[in-house]
Amino acid sequence: MSSSGGKVYFGSILLERNRWAAGKEPTYLVSEWIPRLQRDGFDGIELWENHAVLCDGPELERLSASELPMSVYNSYVTFEDGAEEGREQAAKLIKKLGAKAVKFNFGREQSLLDTYIRNWNEWVKLLPEDCRLLCECHPNTVMEEPQAAAAAMKAMAGCEAIIHPFHSLGSVEDWFKHLGSAITHAHVQYRYEGQTFRRLSTNLNEVTAVLNLMKNSSFNGSFTLEFVEGTGQGEEREKLYEAALDDLNTLKSWISTNMP
């Protein structure tokens, strides 16, 4: 198993009420949740960018010193020309936090794909050599379809992929058919009929079937709990966290017998 195989991270975006609001100003301190996350069995944190970019100095120091690692830096830098400053800032924060992986997205303009890739290759030079490069294959980007993502990644040495196995534009089979072992991370958000977020435990047969398919496709990667039951519906943090723990238990139970 790889060093990240079978690990489940907590996405700090999960508790962030302003994740989709204008300005995306953080509404809570991630450091205050670290003892609970560590106690409850999370293996690390996928840190939403603004929880680092817009926090004060003491909070950044607490995150940097955390015993629970900032395993993935969830970046929203753009790869168009003229965004060099933002990419440089992200690289500095990745180093500061000791993140061993960075999640990134490309834009949606197919005509700019070569620009995205060129600027991505320049950005990689600023990152620590041991930092894994995780491209989120996300709707409304040039990487939203398996075949297109696979073609683009041929020009991106060392790039790995994130998929959304419980809420995806393409079938999980198609993603593994085209990207195979490049898929090393999964964002977990289980949507009922593509709309309302639900706990993984509400449909164990379907969830287990997807996880087994990933295993049979040689998936040996990690997971981040991104959105859970209650996301977008009141946003009560304690209820969101309770749902996150339920999803964590579902995943850990499967991992314990399938990713030894």
# chains A, B, ... in the order shown; residues from 1 in each chain; ligands from 1
>>> select_by_dssp(residues="region 197-226 of chain A", states="helix (DSSP H, G or I)", output="list in words")
Leu200, Ser201, Thr202, Asn203, Leu204, Asn205, Glu206, Val207, Thr208, Ala209, Val210, Leu211, Asn212, Leu213, Met214, Lys215 and Asn216 of chain A
>>> write_last_selection(atoms="N, CA and C atoms", output="mmCIF file, in the first residue's frame")
data_model
loop_
_atom_site.group_PDB
_atom_site.id
_atom_site.type_symbol
_atom_site.label_atom_id
_atom_site.label_comp_id
_atom_site.auth_asym_id
_atom_site.auth_seq_id
_atom_site.Cartn_x
_atom_site.Cartn_y
_atom_site.Cartn_z
ATOM 1 N N LEU A 200 -23.384 7.839 3.533
ATOM 2 C CA LEU A 200 -23.019 6.623 2.814
ATOM 3 C C LEU A 200 -23.789 5.419 3.343
ATOM 4 N N SER A 201 -24.073 5.426 4.630
ATOM 5 C CA SER A 201 -24.725 4.281 5.260
ATOM 6 C C SER A 201 -26.183 4.115 4.857
ATOM 7 N N THR A 202 -26.770 5.123 4.189
ATOM 8 C CA THR A 202 -28.171 4.999 3.792
ATOM 9 C C THR A 202 -28.349 4.049 2.615
ATOM 10 N N ASN A 203 -27.272 3.734 1.919
ATOM 11 C CA ASN A 203 -27.365 2.794 0.794
ATOM 12 C C ASN A 203 -26.053 2.027 0.702
ATOM 13 N N LEU A 204 -25.824 1.159 1.681
ATOM 14 C CA LEU A 204 -24.558 0.449 1.761
ATOM 15 C C LEU A 204 -24.307 -0.446 0.560
ATOM 16 N N ASN A 205 -25.359 -1.017 -0.003
ATOM 17 C CA ASN A 205 -25.165 -1.903 -1.157
ATOM 18 C C ASN A 205 -24.555 -1.151 -2.326
ATOM 19 N N GLU A 206 -25.094 0.026 -2.631
ATOM 20 C CA GLU A 206 -24.572 0.821 -3.748
ATOM 21 C C GLU A 206 -23.174 1.334 -3.447
ATOM 22 N N VAL A 207 -22.982 1.847 -2.246
ATOM 23 C CA VAL A 207 -21.686 2.395 -1.866
ATOM 24 C C VAL A 207 -20.614 1.308 -1.885
ATOM 25 N N THR A 208 -20.928 0.150 -1.335
ATOM 26 C CA THR A 208 -19.968 -0.947 -1.319
ATOM 27 C C THR A 208 -19.647 -1.416 -2.724
ATOM 28 N N ALA A 209 -20.646 -1.428 -3.598
ATOM 29 C CA ALA A 209 -20.403 -1.837 -4.982
ATOM 30 C C ALA A 209 -19.416 -0.898 -5.665
ATOM 31 N N VAL A 210 -19.548 0.396 -5.411
ATOM 32 C CA VAL A 210 -18.628 1.370 -6.000
ATOM 33 C C VAL A 210 -17.225 1.180 -5.430
ATOM 34 N N LEU A 211 -17.126 1.019 -4.127
ATOM 35 C CA LEU A 211 -15.818 0.820 -3.503
ATOM 36 C C LEU A 211 -15.154 -0.462 -4.006
ATOM 37 N N ASN A 212 -15.942 -1.513 -4.159
ATOM 38 C CA ASN A 212 -15.390 -2.774 -4.670
ATOM 39 C C ASN A 212 -14.912 -2.619 -6.106
ATOM 40 N N LEU A 213 -15.650 -1.835 -6.884
ATOM 41 C CA LEU A 213 -15.230 -1.590 -8.270
ATOM 42 C C LEU A 213 -13.888 -0.856 -8.277
ATOM 43 N N MET A 214 -13.748 0.111 -7.389
ATOM 44 C CA MET A 214 -12.483 0.845 -7.302
ATOM 45 C C MET A 214 -11.350 -0.097 -6.920
ATOM 46 N N LYS A 215 -11.605 -0.947 -5.935
ATOM 47 C CA LYS A 215 -10.591 -1.913 -5.517
ATOM 48 C C LYS A 215 -10.207 -2.828 -6.665
ATOM 49 N N ASN A 216 -11.205 -3.324 -7.402
ATOM 50 C CA ASN A 216 -10.941 -4.234 -8.512
ATOM 51 C C ASN A 216 -10.259 -3.541 -9.682
#
>>> residues_around(residues="Gln189 (chain A)", least_positions_apart="6", cutoff="10 Å", atoms="only C-alpha atoms", output="NGL selection string")
:A and (164-168 or 196-200 or 224-229 or 231 or 247)
>>> select_by_dssp(residues="region 23-254 of chain A", states="strand (DSSP E)", output="compact mmCIF listing (two decimals) with C-alpha atoms, in the first residue's frame")
# COMPACT_ATOMS: atom_id res chain seq x y z
CA GLY A 44 -5.30 14.17 8.12
CA ILE A 45 -6.95 17.31 6.80
CA GLU A 46 -7.61 18.51 3.29
CA LEU A 47 -7.32 22.23 3.98
CA TRP A 48 -9.61 24.55 2.03
CA MET A 70 -2.44 19.16 6.54
CA SER A 71 -2.31 16.23 4.12
CA VAL A 72 -3.80 17.99 1.08
CA TYR A 73 -3.78 21.70 0.29
CA ASN A 74 -7.06 22.38 -1.52
CA ALA A 101 -0.29 16.87 -1.81
CA VAL A 102 -2.07 19.72 -3.54
CA LYS A 103 -5.46 19.57 -5.18
CA PHE A 104 -5.98 21.90 -8.14
CA ARG A 132 1.81 14.99 -4.96
CA LEU A 133 -0.09 16.76 -7.74
CA LEU A 134 -3.81 15.97 -7.63
CA CYS A 135 -5.92 17.23 -10.52
CA GLU A 136 -9.59 17.28 -9.56
CA CYS A 159 0.10 14.31 -12.28
CA GLU A 160 -2.46 12.20 -10.41
CA ALA A 161 -6.25 12.41 -10.51
CA ILE A 162 -9.12 12.96 -8.10
CA ILE A 163 -12.54 11.55 -8.96
CA ILE A 183 -6.51 7.90 -9.91
CA THR A 184 -5.11 8.10 -6.39
CA HIS A 185 -7.62 10.18 -4.45
CA ALA A 186 -11.40 10.40 -4.13
CA HIS A 187 -13.62 13.22 -2.97
CA VAL A 188 -16.55 11.75 -1.08
CA ARG A 191 -25.88 12.53 -3.56
CA TYR A 192 -29.30 10.99 -3.77
CA THR A 196 -29.55 15.86 -1.96
CA PHE A 197 -26.55 14.84 0.10
CA SER A 222 -7.01 8.00 -0.19
CA PHE A 223 -10.35 9.69 0.45
CA THR A 224 -11.49 13.13 1.60
CA LEU A 225 -14.91 13.71 3.11
>>> atom_distance(atom1="CA of Ile255 (chain A)", atom2="CA of Phe176 (chain A)")
19.1 Å
>>> atom_distance(atom1="CA of Leu113 (chain A)", atom2="CA of Gly180 (chain A)")
21.8 Å
>>> closest_residue(among="A:Met259, A:Ile34, A:Ser171, A:Gln195", to="Gly11 (chain A)", atoms="only C-alpha atoms")
A:Ile34
>>> closest_residue(among="A:Ala157, A:Leu251, A:Ala65, A:Leu112", to="Thr141 (chain A)", atoms="only C-alpha atoms")
A:Leu112
>>> closest_residue(among="A:Leu68, A:Leu179, A:Leu240, A:Leu93", to="Ala152 (chain A)", atoms="only C-alpha atoms")
A:Leu179
